[in-house]
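Down below is the structure, laid out as structure tokens.
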2 protein chains.
Amino acid sequence: MNLSKRGEYALRALIDIGIASELGRPRLQVSELAAKEKLPVKFLEQILTQLKAAGYVKSKRGKFGGYSLAKRMDRIRFGPVIRLIDGPLAPIPCVSQTSYVRCTCPDEVHCGLRMLMLDVRNAIAKILDRYTLAEIVEITLRKLRRDKVTPLFLQPSKPLVSILPSQLTGRVMASRN
Amino acid sequence: MNLSKRGEYALRALIDIGIASELGRPRLQVSELAAKEKLPVKFLEQILTQLKAAGYVKSKRGKFGGYSLAKRMDRIRFGPVIRLIDGPLAPIPCVSQTSYVRCTCPDEVHCGLRMLMLDVRNAIAKILDRYTLAEIVEITLRKLRRDKVTPLFLQPSKPLVSILPSQLTGRVMASRN
DNA sequence: CGAATTCATACTTGCGCAGTAGGATTTTTC
DNA sequence: GAAAAATCCTACTGCGCAAGTATGAATTCG
């Protein structure tokens with residue numbers, strides 16, 4: 001019942017970009033993302049490329065480039081992202097809705113295991129296919145504000161140049177007081 | 001979000017033994033089990049050994065040997081079996097109840113991914129830790145009877161000697177008429 | 001131009017899944 | 001007691017895939 005590292009990192013990246021975006025910083029660099037979550041940069045790079053190819057993020061190259069969301073956050077659901085990267089949500093192929101494969105058992109209709117696993121797959125899908133990135137981002141932000149925590153994006157290790165930090169500190173201060 | 005073949009076969013075996021047991025045939029041989037579900041015999045053998053070591057089944061050696069359940073069916077829950085064979089139910093270690101491992105993210109409490117995955121893990125556990133073998137067997141039998149299907153255990157490919165078949169056919173006929 | 005970034009592709013490394021293989025041990029039947 | 005039929009035990013194998021590394025090309029900005 002595992003989510004791969006690849007899948008995990010993909011979701012983390014999306015959530016982070018979403019939060020940053022909500023805080024007025026719509027674009028993040030791979031190196032920032034990697035630093036925040038302590039992930040291998042090059043690996044993350046690959047994953048973001050994949051997310052880009054699937055239309056979840058868009059990128060800007062060159063200096064001050066980075067990744068931003070390519071869709072509205074309320075249109076990004078976690079199920080499809082995980083399916084993209086890890087394959088079906090279903091524990092066994094014969095209960096997958098999106099990529100069903102018949103199993104070896106002689107009578108699928110009366111298969112107890114299948115019933116059970118169908119239940120599991122539906123429970124998983126009910127969560128992952130219903131939650132949107134917007135909801136998770138919102139909940140996370142609410143929690144952060146409630147506990148008066150400054151999101152890490154707003155504390156760059158190397159102080160950022162340009163107007164970005166000041167934009168953000170305004171927001172951060174607001175949530176602090 | 002995968003159940004391994006090993007895990008799948010283990011559950012199939014338990015369910016099959018449970019059904020057979022309920023139908024008055026408390027012991028099944030590995031070769032029978034394997035034939036019914038079309039599984040590799042030697043692989044299944046290993047798995048049953050593991051189930052035995054964990055106290056789910058007991059075995060009888062030699063001619064007319066085989067495996068039977070070592071616990072009451074209403075005491076066998078699927079969650080623990082899967083954990084035994086496949087490890088934690090949780091999609092990521094930092095939401096596992098039975099074998100928690102801290103993740104690399106800087107702030108677990110405010111981690112959106114973690115919230116989401118905790119939800120998923122709870123949904124999975126709610127099903128797998130609540131259902132018992134007894135329930136699945138019962139439901140399966142009810143379905144089989146409703147559709148007037150004879151379980152495969154009762155149609156041995158090589159006709160069985162001794163008293164076993166007649167015991168069973170009695171039951172089968174009863175369910176047929 | 002030069003620095004900083006993403007993009008593309010290839011490669012590596014290790015591990016775990018899904019079995020196979022072969023024989024030892026136990027039980028039953030003849 | 002021997003043969004047959006089952007489980008038990010242990011080792012091994014293949015190989016695919018996850019999780020990265022590595023290298024360099026293309027793009028963008030100052």
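Ligands are numbered from 1 in the order shown, residues from 1 within each chain, and chains are lettered A, B, ... in the order they appear in the structure tokens.
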
(request) Could you list the residues in chain D lying within 6 Å of chain B, using only C-alpha atoms (C1' of nucleotides), and format the result as a ChimeraX atom specification? (result) /D:5-7

(request) Find the residues of chain A in contact range of chain B, meaning any atom within 8 Å when counting only C-alpha atoms, and list them as a ChimeraX atom specification. (result) /A:1-3,11-12,15,36-38,88-92,104-106,110-113,116,119-120,123-124,127-128,136-137,139-140,143-144

Save out the residues we just selected, N, CA and C atoms, as a tab-separated table (two decimals), in the first residue's frame.
```tsv
chain	number	residue	atom	x	y	z
A	1	MET	N	0.85	-1.21	0.00
A	1	MET	CA	0.00	0.00	0.00
A	1	MET	C	0.88	1.24	0.00
A	2	ASN	N	1.79	1.29	-0.89
A	2	ASN	CA	2.85	2.27	-0.83
A	2	ASN	C	2.71	3.39	-1.86
A	3	LEU	N	3.06	4.57	-1.39
A	3	LEU	CA	3.25	5.67	-2.33
A	3	LEU	C	4.75	5.76	-2.57
A	11	LEU	N	3.82	15.20	-5.11
A	11	LEU	CA	2.76	15.85	-4.34
A	11	LEU	C	3.32	16.96	-3.47
A	12	ARG	N	4.45	16.70	-2.87
A	12	ARG	CA	5.06	17.75	-2.05
A	12	ARG	C	5.32	18.98	-2.89
A	15	ILE	N	2.10	20.83	-3.68
A	15	ILE	CA	1.58	21.52	-2.50
A	15	ILE	C	2.42	22.75	-2.20
A	36	LYS	N	13.84	22.94	0.67
A	36	LYS	CA	12.78	22.94	1.68
A	36	LYS	C	12.46	21.54	2.17
A	37	GLU	N	12.31	20.65	1.25
A	37	GLU	CA	11.87	19.30	1.63
A	37	GLU	C	13.04	18.34	1.73
A	38	LYS	N	14.21	18.84	1.53
A	38	LYS	CA	15.42	18.01	1.58
A	38	LYS	C	15.36	16.85	0.60
A	88	PRO	N	-2.13	2.82	-10.93
A	88	PRO	CA	-3.47	2.74	-10.35
A	88	PRO	C	-3.48	2.84	-8.83
A	89	LEU	N	-4.57	3.35	-8.31
A	89	LEU	CA	-4.75	3.41	-6.86
A	89	LEU	C	-5.10	2.05	-6.28
A	90	ALA	N	-5.73	1.24	-7.09
A	90	ALA	CA	-6.23	-0.04	-6.61
A	90	ALA	C	-5.12	-0.96	-6.13
A	91	PRO	N	-5.38	-1.66	-5.01
A	91	PRO	CA	-4.40	-2.59	-4.47
A	91	PRO	C	-4.10	-3.77	-5.40
A	92	ILE	N	-5.10	-4.19	-6.14
A	92	ILE	CA	-4.89	-5.24	-7.13
A	92	ILE	C	-5.60	-4.85	-8.42
A	104	THR	N	-6.43	-13.90	-12.01
A	104	THR	CA	-6.40	-15.32	-12.34
A	104	THR	C	-7.50	-16.12	-11.65
A	105	CYS	N	-8.17	-15.49	-10.71
A	105	CYS	CA	-9.13	-16.29	-9.95
A	105	CYS	C	-10.29	-16.71	-10.84
A	106	PRO	N	-10.85	-17.87	-10.58
A	106	PRO	CA	-11.80	-18.47	-11.51
A	106	PRO	C	-13.13	-17.73	-11.60
A	110	HIS	N	-17.73	-13.79	-7.48
A	110	HIS	CA	-17.89	-14.31	-6.13
A	110	HIS	C	-16.58	-14.36	-5.37
A	111	CYS	N	-15.67	-13.52	-5.77
A	111	CYS	CA	-14.34	-13.53	-5.13
A	111	CYS	C	-14.35	-12.62	-3.90
A	112	GLY	N	-14.13	-13.24	-2.75
A	112	GLY	CA	-14.15	-12.47	-1.51
A	112	GLY	C	-13.04	-11.44	-1.45
A	113	LEU	N	-11.88	-11.84	-1.89
A	113	LEU	CA	-10.76	-10.91	-1.88
A	113	LEU	C	-11.07	-9.69	-2.72
A	116	LEU	N	-13.36	-7.26	-0.99
A	116	LEU	CA	-12.63	-6.53	0.04
A	116	LEU	C	-11.74	-5.46	-0.57
A	119	ASP	N	-13.51	-2.48	-1.94
A	119	ASP	CA	-13.82	-1.57	-0.85
A	119	ASP	C	-12.63	-0.66	-0.54
A	120	VAL	N	-11.48	-1.28	-0.46
A	120	VAL	CA	-10.27	-0.51	-0.15
A	120	VAL	C	-10.00	0.50	-1.25
A	123	ALA	N	-12.31	3.37	-1.04
A	123	ALA	CA	-12.00	4.25	0.09
A	123	ALA	C	-10.83	5.16	-0.25
A	124	ILE	N	-9.84	4.60	-0.89
A	124	ILE	CA	-8.67	5.39	-1.28
A	124	ILE	C	-9.08	6.45	-2.31
A	127	ILE	N	-11.01	9.54	-1.23
A	127	ILE	CA	-10.20	10.61	-0.67
A	127	ILE	C	-9.38	11.30	-1.76
A	128	LEU	N	-8.62	10.51	-2.47
A	128	LEU	CA	-7.65	11.13	-3.39
A	128	LEU	C	-8.28	11.75	-4.62
A	136	ILE	N	-6.22	21.34	0.13
A	136	ILE	CA	-5.07	21.01	0.97
A	136	ILE	C	-4.25	22.26	1.28
A	137	VAL	N	-4.07	23.08	0.27
A	137	VAL	CA	-3.32	24.31	0.48
A	137	VAL	C	-4.03	25.20	1.49
A	139	ILE	N	-6.19	24.37	3.83
A	139	ILE	CA	-6.13	23.80	5.18
A	139	ILE	C	-4.75	24.00	5.79
A	140	THR	N	-3.75	23.77	4.99
A	140	THR	CA	-2.38	23.94	5.49
A	140	THR	C	-2.14	25.38	5.93
A	143	LYS	N	-3.87	26.16	9.18
A	143	LYS	CA	-3.12	25.60	10.30
A	143	LYS	C	-1.90	26.42	10.63
A	144	LEU	N	-1.18	26.78	9.58
A	144	LEU	CA	0.04	27.57	9.80
A	144	LEU	C	-0.29	28.88	10.51
```

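Around DT21 in chain D, within 9 Å and counting only C-alpha atoms (C1' of nucleotides), the residues found are Lys42 and Phe43 of chain A; DC11 and DT12 of chain C, once anything fewer than 2 positions away on its own chain is removed.
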
Would you save the residues from that selection as an mmCIF file, in the first residue's frame, using N, CA and C atoms (P, O5', C5', C4', C3', O3' and C1' of nucleotides)?
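Output below, filename part-v2.cif:
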```cif
data_model
loop_
_atom_site.group_PDB
_atom_site.id
_atom_site.type_symbol
_atom_site.label_atom_id
_atom_site.label_comp_id
_atom_site.auth_asym_id
_atom_site.auth_seq_id
_atom_site.Cartn_x
_atom_site.Cartn_y
_atom_site.Cartn_z
ATOM 1 N N LYS A 42 18.243 16.765 -8.634
ATOM 2 C CA LYS A 42 18.101 16.232 -9.989
ATOM 3 C C LYS A 42 16.903 15.290 -10.107
ATOM 4 N N PHE A 43 16.669 14.583 -9.060
ATOM 5 C CA PHE A 43 15.522 13.677 -9.064
ATOM 6 C C PHE A 43 14.230 14.489 -9.148
ATOM 7 P P DC C 11 23.795 4.701 -22.080
ATOM 8 O "O5'" DC C 11 24.293 4.532 -20.579
ATOM 9 C "C5'" DC C 11 25.131 5.551 -20.002
ATOM 10 C "C4'" DC C 11 25.052 5.461 -18.481
ATOM 11 C "C3'" DC C 11 25.078 4.033 -17.950
ATOM 12 O "O3'" DC C 11 26.350 3.830 -17.349
ATOM 13 C "C1'" DC C 11 23.476 5.425 -16.801
ATOM 14 P P DT C 12 26.741 2.531 -16.539
ATOM 15 O "O5'" DT C 12 26.127 2.825 -15.109
ATOM 16 C "C5'" DT C 12 26.629 3.903 -14.332
ATOM 17 C "C4'" DT C 12 26.082 3.787 -12.913
ATOM 18 C "C3'" DT C 12 26.206 2.387 -12.313
ATOM 19 O "O3'" DT C 12 26.630 2.538 -10.969
ATOM 20 C "C1'" DT C 12 23.975 3.116 -12.168
#
```

(message) When you look at DC15 in chain D with a cut-off of 12 Å (counting only C-alpha atoms (C1' of nucleotides)), what residues show up, excluding the ones that are within fewer than 4 positions of it in the same chain? I need them as a list in words.
(response)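 The neighbour list is DC15, DG16, DC17, DA18 and DG19 of chain C.
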
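The interface of chain C with chain A at 10 Å, considering only C-alpha atoms (C1' of nucleotides), consists of DA3, DA4, DT5, DT6, DC7 and DA8 of chain C.
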
(request) Grab the CA of Ser68 in chain A to CA of Leu28 in chain A distance for me, in Å with one decimal place. (result) 6.5 Å

(request) Can you list, as a PyMOL selection string, all residues belonging to chain A that DSSP tags as strand (DSSP E or B)? (result) chain A and resi 28+57-60+66-69+77+132

(message) So that I can see what lies close to DT10 in chain D, please list as a list of chain:residue names the residues with an atom at most 12 Å from it, counting only C-alpha atoms (C1' of nucleotides) and leaving out residues fewer than 6 positions away in the same chain.
(response)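 That gives B:Gln46, C:DA21, C:DG22, C:DG23, C:DA24.
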
Based on the selection just made, write N, CA and C atoms (P, O5', C5', C4', C3', O3' and C1' of nucleotides) of those residues as a short mmCIF file (atom, residue, chain, number, x, y, z; two decimals), in the first residue's frame.
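The result, written out as result-v2.cif:
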```cif
data_model
loop_
_atom_site.label_atom_id
_atom_site.label_comp_id
_atom_site.auth_asym_id
_atom_site.auth_seq_id
_atom_site.Cartn_x
_atom_site.Cartn_y
_atom_site.Cartn_z
N GLN B 46 5.55 -21.60 0.54
CA GLN B 46 6.30 -20.64 1.35
C GLN B 46 5.39 -19.73 2.14
P DA C 21 12.66 -24.78 -11.97
"O5'" DA C 21 13.55 -25.22 -10.74
"C5'" DA C 21 14.60 -24.37 -10.27
"C4'" DA C 21 15.53 -25.20 -9.40
"C3'" DA C 21 15.27 -26.70 -9.46
"O3'" DA C 21 16.53 -27.36 -9.49
"C1'" DA C 21 14.99 -25.93 -7.23
P DG C 22 16.59 -28.93 -9.64
"O5'" DG C 22 16.81 -29.36 -8.12
"C5'" DG C 22 17.81 -28.71 -7.36
"C4'" DG C 22 17.90 -29.36 -6.00
"C3'" DG C 22 17.55 -30.86 -6.01
"O3'" DG C 22 18.49 -31.54 -5.20
"C1'" DG C 22 16.18 -29.72 -4.47
P DG C 23 18.56 -33.14 -5.25
"O5'" DG C 23 18.40 -33.49 -3.71
"C5'" DG C 23 19.09 -32.68 -2.77
"C4'" DG C 23 18.24 -32.48 -1.54
"C3'" DG C 23 17.88 -33.77 -0.80
"O3'" DG C 23 18.36 -33.66 0.51
"C1'" DG C 23 16.06 -32.31 -0.93
P DA C 24 18.60 -35.00 1.34
"O5'" DA C 24 17.84 -34.66 2.70
"C5'" DA C 24 18.09 -33.39 3.34
"C4'" DA C 24 17.00 -33.13 4.35
"C3'" DA C 24 16.62 -34.32 5.21
"O3'" DA C 24 16.52 -33.90 6.57
"C1'" DA C 24 14.69 -33.48 4.14
#
```

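Note that the spacing between C1' of DG2 in chain C and C1' of DT27 in chain D amounts to 13.3 Å.
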
(request) Return the single residue from D:DA18, D:DA11, D:DA25, D:DG30 that is closest to DG14 in chain C, with distances computed using only C-alpha atoms (C1' of nucleotides). (result) D:DA18
